[in-house]
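First the structure, in the form of structure tokens, and then the observations on it.
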Amino acid sequence: MCQRANGRLDFLPLRRLPTVRQEPVSAMPASHASPSRERAAIRSVSLLLFVGLPLMTASSGAGQTPPQLGGASLDEVIGAMTVEEKVSLLVGMGMNLPFDIPGLPRPSPEDRAVPEKVPGAAGRTHAIERLGIPSITLADGPAGIRIDPTREGDARTYHATAFPVATLLSSSWDPALAETVGAAIGRQVREYGADVLLAPGMNLHRNPLGGRNFEYYSEDPLLNGRMAAGFVNGVESEGVGTSLKHFAVNSQEFNRLKSNSIVGQRALRELYLRGFEIAVKEAQPWTVMSAYNLVNGTYAPQDRDLLTTILRDEWGFEGFVMTDWFAGDDPVAMMRAGNDVIMPGGVQQSAAIVAAVGSDELSEAQLEAEEAHRPPGNILMPAPPIPEMETEAALIRGAAARADVGLYSLGRNSGEGGDRGVEGDFDLTVAEVALIRDLSQGFRAEGKPFVVVLNVAGVTEVAGWRDAADAILLAWQPGQEAGNAIADVLSGAVNPSGKLPMSFPAQYTDVPSSRTFPGQVLPEYADQEQPAGFMAMLNPLPSQAVYEEGIFVGYRYYDTFDVEPAYPFGYGLSYTTFEYGDLELSEARFGGEITARVMVTNTGDVPGREVVQLYVSAPRGSLVKPEAELRAFAKTRLLQPGESQTLAFTLDGRSLASFDPDRSAWIAEAGEYEVRAAASSRDTRVRARFAVPETLVVEEAHDVMGPEVEIDLLRPTYD
Ligand code: BGC
């Protein structure tokens with residue numbers, strides 16, 4: 001929205017959401033509030049941001065007591081703000097980096113001087129004390145709250161629990177568990193005085209080398225969205241907020257501040273937006289964080305189609321959108337797009353916005369270059385793995401003679417601002433494989449089992465060495481209870497019930513995006529030298545990643561193109577076995593909703609839980625479809641040997657539909673559909689069929705965010 005109001009250019013979204021309460025809320029300024037009252041005050045600041053801030057002249061006259069947040073209505077509080085105050089709410093207080101980076105927004109000296117409420121938190125918004133508006137503190141996320149463990153002049157250690165990473169959490173296929181973990185994290189966020197946890201991370205595992213996959217849930221949008229919704233509900237049940245991030249199509253870290261994700265509308269809707277859509281609709285989080293990258297040519301935080309048309313108009317999002325840290329290049333465009341808060345914020349951005357108010361020209365703040373000591377490496381990336389030590393045969397023989405079982409733990413780490421490599425990262429090093437084989441031989445010679453524990457941040461190659469292991473335990477990065485959890489599973493004290501939230505390809509070149517990931521520098525910049533280390537992350541060359549595989553990500557590709565993975569999506573072992581009864585459907589003809597029921601029986605000797613995955617295989621029609629797609633899932637309770645439980649699943653129109661970019665609508669084509677109750681994408685136990693008598697237009701959408709270039713999309717050829 002861009003219109004003139006009272007002679008000033010009013011370019012902020014003038015949203016008046018029906019669910020936003022305009023009446024006074026019971027809140028007090030943070031400085032004299034009790035924790036719960038403070039939370040209420042924070043929520044009202046959020047409301048200020050939700051409704052947008054019309055940039056008009058302040059209405060409260062001199063000498064009058066200004067209205068207080070919590071005492072007056074939001075309209076009165078907004079009406080009393082000066083333009084500068086309004087802008088201050090929309091631009092964060094900046095980040096106190098130990099060095100200045102040329103071109104990066106900086107905090108004002110006044111903001112720098114304000115002591116942090118929660119040292120080590122990622123960012124904060126401005127307070128407006130005269131109106132009783134407190135500052136909001138935002139802290140990372142996702143695997144627990146990230147703060148400084150020590151504080152100046154304070155002998156205490158500020159501990160925060162290291163919780164399991166998101167990938168491990170989603171391996172439970174248990175949104176209720178995500179809710180429990182979320183609530184535990186939420187309590188720490190609240191106790192430490194932060195207001196919003198910058199989590200969950202929701203980008204799709206497009207490729208196993210994605211540097212931040214460990215922070216994300218899955219290659220499948222349904223699992224992604226439902227786990228995130230559980231997590232959000234858990235954290236927010238403690239009275240603090242969450243932020244779905246990074247919205248959207250941020251599947252690679254390479255040149256992340258200037259990388260253009262070129263993706264077709266169908267893959268965009270069905271895969272990259274779908275998880276966010278589910279989480280927004282199911283959990284209505286306080287905030288969403290827009291991504292660094294461009295999507296089809298527009299920076300995510302500057303894309304009105306993404307942040308307003310889709311997020312708010314189509315999905316009904318009611319919270320506020322913040323940028324990722326230092327994202328985008330035009331603060332005014334961010335405001336126009338519906339990006340409510342610029343983080344971490346800086347004086348240049350505030351100045352640009354204030355300058356734009358009252359002029360038709362959008363003035364750019366002049367960025368000064370000084371600034372500076374530059375660290376050589378990327379401080380957000382972990383150190384490379386320590387090379388495997390040489391292990392002598394005698395040492396292995398001795399260990400095998402003494403121990404009951406051989407355990408080898410393989411470690412892999414990754415971080416922000418860079419993706420993983422294939423050699424020595426996805427693939428094991430020669431030394432690692434040799435050690436695995438030597439250990440295996442040593443223990444097997446003693447008649448003892450040899451187990452490999454994968455303590456990894458992402459998918460690794462397993463097909464080339466797994467014959468040497470009697471068991472592989474995929475521990476991911478379990479947080480501080482790692483040792484106890486691993487011991488419980490190996491000893492049988494706990495029967496594992498996890499299933500893979502992504503496929504394990506047999507080799508990296510099998511990955512459908514292996515040719516195009518993580519993208520490349522645009523040809524016109526190809527001659528320029530790419531900055532190294534930290535600077536590459538903050539000031540990269542403009543790049544692009546073309547999502548040529550379209551909707552064929554993960555199992556959607558392997559199962560459609562008949563490429564055998566090392567382990568399929570949804571795969572996982574248990575110490576017991578389960579039998580599935582018949583799959584019963586409530587109707588044979590689809591009339592808007594179908595219920596599927598299946599009875600699961602524990603047929604083994606120990607208690608256990610089973611994840612039942614419901615895949616739907618669509619008829620051949622005008623839209624190319626994957627072999628089958630996960631459309632619902634459920635997990636049994638802990639079943640005793642011999643015990644059964646019936647699980648029920650609901651399939652609605654959206655569960656059958658695909659996004660047709662030509663019609664900008666979700667379409668379920670007529671024909672016969674097969675429903676499969678399965679233990680993995682490749683282990684169907686029972687199936688049933690129903691008919692869709694005529695093609696359904698399930699939901700219409702806006703024709704937005706199409707790619708500006710033609711994408712040479714991967715397509716299966718049918719016989
Ligand atoms: C990351 C976000 C994080 C933010 C604040 C950015 O670099 O991409 O995920 O929340 O920093 O620390």
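Letters for chains follow the order of the structure tokens (A, B, ...), residue numbers begin at 1 for each chain, and ligand numbers begin at 1 in the order shown.
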
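If one restricts the calculation to only C-alpha atoms and all ligand atoms, the set of residues situated within 9 Å of ligand 1 consists of Ala121, Ala122, Gly123, Leu138, Ala139, Asp140, Gly141, Pro142, Arg146, Leu197, Leu198, Ala199, Gly201, Ser243, Lys245, His246, Met289, Ala291, Tyr292, Thr323, Asp324, Trp325, Phe326, Ala327, Met343, Pro344, Leu380, Glu416 and Gly417 of chain A.
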
Review point. Quick one: residues within 7 Å of A:Ser135, only C-alpha atoms counted, chain neighbours fewer than 5 positions away excluded, as a ChimeraX atom specification?
Key: /A:124-127

Could you give me, as a PDB file with C-alpha atoms, in the first residue's frame, the residues within 8 Å of A:Met537, counting only C-alpha atoms and dropping anything in the same chain fewer than 6 positions from it?
```
ATOM      1  CA  PHE A 254      26.064 -20.630  -0.704  1.00  0.00           C
ATOM      2  CA  ASN A 255      26.234 -16.840  -1.201  1.00  0.00           C
ATOM      3  CA  ARG A 256      23.078 -16.742   0.835  1.00  0.00           C
ATOM      4  CA  LEU A 257      22.677 -12.976   0.949  1.00  0.00           C
ATOM      5  CA  ASN A 378      33.475 -17.839   8.682  1.00  0.00           C
ATOM      6  CA  GLY A 417      26.927 -19.422   5.635  1.00  0.00           C
ATOM      7  CA  GLY A 418      28.305 -22.481   3.894  1.00  0.00           C
TER       8      GLY A 418
END
```

Check your understanding: Nearest to A:Val686 among A:Asp605, A:Glu669, A:Glu584, A:Asp419, with distances taken over only C-alpha atoms: which residue is it?
Key -> A:Glu584

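The residue that comes closest to A:Gly570, out of A:Asp652, A:Asp510, A:Glu610, A:Asp195 and on the basis of only C-alpha atoms, is A:Glu610.
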
Non-local contacts of A:Gln613 (7 Å; only C-alpha atoms; under 3 positions in same chain excluded) as a short mmCIF file (atom, residue, chain, number, x, y, z; two decimals) with C-alpha atoms, in the first residue's frame:
```
data_model
loop_
_atom_site.label_atom_id
_atom_site.label_comp_id
_atom_site.auth_asym_id
_atom_site.auth_seq_id
_atom_site.Cartn_x
_atom_site.Cartn_y
_atom_site.Cartn_z
CA LEU A 630 2.91 -38.63 2.07
CA ALA A 632 -0.93 -38.19 6.54
CA PHE A 633 0.94 -39.98 9.30
CA ALA A 634 0.35 -41.09 12.87
CA ALA A 677 -0.41 -47.55 4.75
CA ALA A 678 3.32 -48.00 4.88
CA ALA A 679 6.30 -48.40 7.17
CA SER A 680 8.45 -46.33 4.75
#
```

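Using only C-alpha atoms, the residues found no farther than 10 Å from A:Thr595, other than those of its own chain fewer than 6 positions away, are Glu584, Leu585, Ser586, Glu587, Ala648, Phe649, Thr650, Leu651 and Asp652 of chain A.
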
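The spacing separating atom CA of A:Thr603 from atom CA of A:Gln640 amounts to 9.1 Å.
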
Exercise for review: Give me the residues within 12 Å of stretch 392-406 of chain A as a list in words, counting only C-alpha atoms and dropping any in the same chain fewer than 5 places off.
Suggested key: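 Within the cut-off, the hits are Ala434, Leu435, Ile436, Arg437, Asp438, Leu439, Ser440, Gln441, Gly442, Phe443, Arg444, Ala445, Glu446, Gly447, Lys448, Pro449, Phe450, Val451, Val452, Val453, Ala468, Ala469, Asp470, Ala471, Ile472, Leu490 and Ser491 of chain A.
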
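Across the structure, atom CA of A:Glu236 and atom CA of A:Val288 are spaced 13.6 Å apart.
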
Practice item. Tell me, as a list in words, which residues lie within 12 Å of A:Asn602, counting only C-alpha atoms; anything in the same chain fewer than 6 positions away does not count. Key: Ser574, Tyr575, Thr576, Thr577, Phe578, Glu579, Tyr580, Gly581, Gly608, Arg609, Glu610, Thr636, Arg637, Leu638, Leu639, Gln640, Pro641, Gly642, Glu643, Ser644, Gln645 and Thr646 of chain A

Point to revise | Coordinates-based distance that separates atom CA of A:Leu407 from atom CA of A:Val611 (Å, one decimal) | key: 27.5 Å

**Study point:** Which residue of A:Ile486, A:Asn207, A:Val232, A:Val430 approaches A:Asn455 most closely, using only C-alpha atoms
**Key:** A:Ile486

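Ranking A:Tyr272, A:Phe231, A:Trp286, A:Tyr158 by their shortest atom-to-atom distance to A:Val181, with only C-alpha atoms included, puts A:Phe231 first.
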
Exercise for review: Would you mind telling me which residue in A:Gly411, A:Gly211, A:Met705, A:Ala506 lies nearest to A:Ala248 when using only C-alpha atoms?
Suggested key: A:Met705

Review point. Residues of stretch 247-362 of chain A in strand (DSSP E) according to DSSP, as a VMD selection string?
Key: chain A and resid 247 259 to 262 287 to 290 294 to 295 298 to 299 320 to 322

Next, dump the selected residues to file, keeping only N, CA, C and O atoms, as a PDB file, in the first residue's frame.
```pdb
ATOM      1  N   PHE A 247      11.692 -17.789   5.486  1.00  0.00           N
ATOM      2  CA  PHE A 247      10.591 -17.783   4.536  1.00  0.00           C
ATOM      3  C   PHE A 247      11.002 -17.035   3.289  1.00  0.00           C
ATOM      4  O   PHE A 247      11.067 -15.828   3.324  1.00  0.00           O
ATOM      5  N   SER A 259      21.745 -14.911  -3.242  1.00  0.00           N
ATOM      6  CA  SER A 259      21.451 -16.052  -4.091  1.00  0.00           C
ATOM      7  C   SER A 259      19.978 -16.037  -4.482  1.00  0.00           C
ATOM      8  O   SER A 259      19.095 -15.885  -3.642  1.00  0.00           O
ATOM      9  N   ASN A 260      19.737 -16.197  -5.782  1.00  0.00           N
ATOM     10  CA  ASN A 260      18.372 -16.184  -6.304  1.00  0.00           C
ATOM     11  C   ASN A 260      17.904 -17.629  -6.485  1.00  0.00           C
ATOM     12  O   ASN A 260      18.461 -18.358  -7.279  1.00  0.00           O
ATOM     13  N   SER A 261      16.902 -18.034  -5.738  1.00  0.00           N
ATOM     14  CA  SER A 261      16.349 -19.382  -5.906  1.00  0.00           C
ATOM     15  C   SER A 261      15.314 -19.333  -7.014  1.00  0.00           C
ATOM     16  O   SER A 261      14.249 -18.729  -6.850  1.00  0.00           O
ATOM     17  N   ILE A 262      15.636 -19.968  -8.134  1.00  0.00           N
ATOM     18  CA  ILE A 262      14.712 -19.951  -9.275  1.00  0.00           C
ATOM     19  C   ILE A 262      13.912 -21.242  -9.245  1.00  0.00           C
ATOM     20  O   ILE A 262      14.456 -22.326  -9.409  1.00  0.00           O
ATOM     21  N   THR A 287       5.506 -14.797  14.966  1.00  0.00           N
ATOM     22  CA  THR A 287       6.267 -14.117  13.917  1.00  0.00           C
ATOM     23  C   THR A 287       6.740 -15.102  12.842  1.00  0.00           C
ATOM     24  O   THR A 287       6.771 -16.311  13.049  1.00  0.00           O
ATOM     25  N   VAL A 288       7.114 -14.530  11.708  1.00  0.00           N
ATOM     26  CA  VAL A 288       7.761 -15.271  10.621  1.00  0.00           C
ATOM     27  C   VAL A 288       9.029 -14.499  10.275  1.00  0.00           C
ATOM     28  O   VAL A 288       9.022 -13.270  10.305  1.00  0.00           O
ATOM     29  N   MET A 289      10.111 -15.213   9.969  1.00  0.00           N
ATOM     30  CA  MET A 289      11.339 -14.529   9.545  1.00  0.00           C
ATOM     31  C   MET A 289      11.520 -14.746   8.042  1.00  0.00           C
ATOM     32  O   MET A 289      11.560 -15.876   7.579  1.00  0.00           O
ATOM     33  N   SER A 290      11.584 -13.643   7.311  1.00  0.00           N
ATOM     34  CA  SER A 290      11.803 -13.788   5.870  1.00  0.00           C
ATOM     35  C   SER A 290      13.264 -14.172   5.617  1.00  0.00           C
ATOM     36  O   SER A 290      14.137 -13.915   6.430  1.00  0.00           O
ATOM     37  N   LEU A 294      16.859 -14.339  -2.714  1.00  0.00           N
ATOM     38  CA  LEU A 294      15.797 -13.879  -3.604  1.00  0.00           C
ATOM     39  C   LEU A 294      15.013 -15.109  -4.042  1.00  0.00           C
ATOM     40  O   LEU A 294      15.561 -16.210  -4.101  1.00  0.00           O
ATOM     41  N   VAL A 295      13.743 -14.923  -4.308  1.00  0.00           N
ATOM     42  CA  VAL A 295      12.957 -16.005  -4.902  1.00  0.00           C
ATOM     43  C   VAL A 295      12.465 -15.475  -6.246  1.00  0.00           C
ATOM     44  O   VAL A 295      11.789 -14.450  -6.297  1.00  0.00           O
ATOM     45  N   THR A 298      13.284 -11.643  -6.704  1.00  0.00           N
ATOM     46  CA  THR A 298      12.994 -10.604  -5.700  1.00  0.00           C
ATOM     47  C   THR A 298      13.462 -11.090  -4.331  1.00  0.00           C
ATOM     48  O   THR A 298      13.192 -12.230  -3.953  1.00  0.00           O
ATOM     49  N   TYR A 299      14.144 -10.206  -3.605  1.00  0.00           N
ATOM     50  CA  TYR A 299      14.558 -10.575  -2.251  1.00  0.00           C
ATOM     51  C   TYR A 299      13.330 -10.969  -1.431  1.00  0.00           C
ATOM     52  O   TYR A 299      12.319 -10.241  -1.439  1.00  0.00           O
ATOM     53  N   PHE A 320       3.737 -10.848  13.094  1.00  0.00           N
ATOM     54  CA  PHE A 320       4.570  -9.917  12.337  1.00  0.00           C
ATOM     55  C   PHE A 320       5.739 -10.635  11.681  1.00  0.00           C
ATOM     56  O   PHE A 320       6.174 -11.674  12.130  1.00  0.00           O
ATOM     57  N   VAL A 321       6.175 -10.033  10.580  1.00  0.00           N
ATOM     58  CA  VAL A 321       7.280 -10.596   9.806  1.00  0.00           C
ATOM     59  C   VAL A 321       8.527  -9.779  10.096  1.00  0.00           C
ATOM     60  O   VAL A 321       8.491  -8.549  10.072  1.00  0.00           O
ATOM     61  N   MET A 322       9.617 -10.478  10.394  1.00  0.00           N
ATOM     62  CA  MET A 322      10.898  -9.771  10.540  1.00  0.00           C
ATOM     63  C   MET A 322      11.851 -10.296   9.470  1.00  0.00           C
ATOM     64  O   MET A 322      11.665 -11.392   8.946  1.00  0.00           O
TER      65      MET A 322
END
```

Check your understanding: For A:Glu672, which of A:Arg266, A:Lys625, A:Lys258, A:Arg620 is the closest residue, counting only C-alpha atoms?
Key -> A:Arg620

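For stretch 519-697 of chain A, a DSSP pass over the backbone yields helix (DSSP H, G or I) at A:Pro523, A:Glu524, A:Tyr525, A:Gly533, A:Phe534, A:Met535, A:Ala536, A:Met537, A:Leu538, A:Tyr555, A:Arg556, A:Tyr557, A:Tyr558, A:Gly653, A:Arg654, A:Ser655, A:Leu656.
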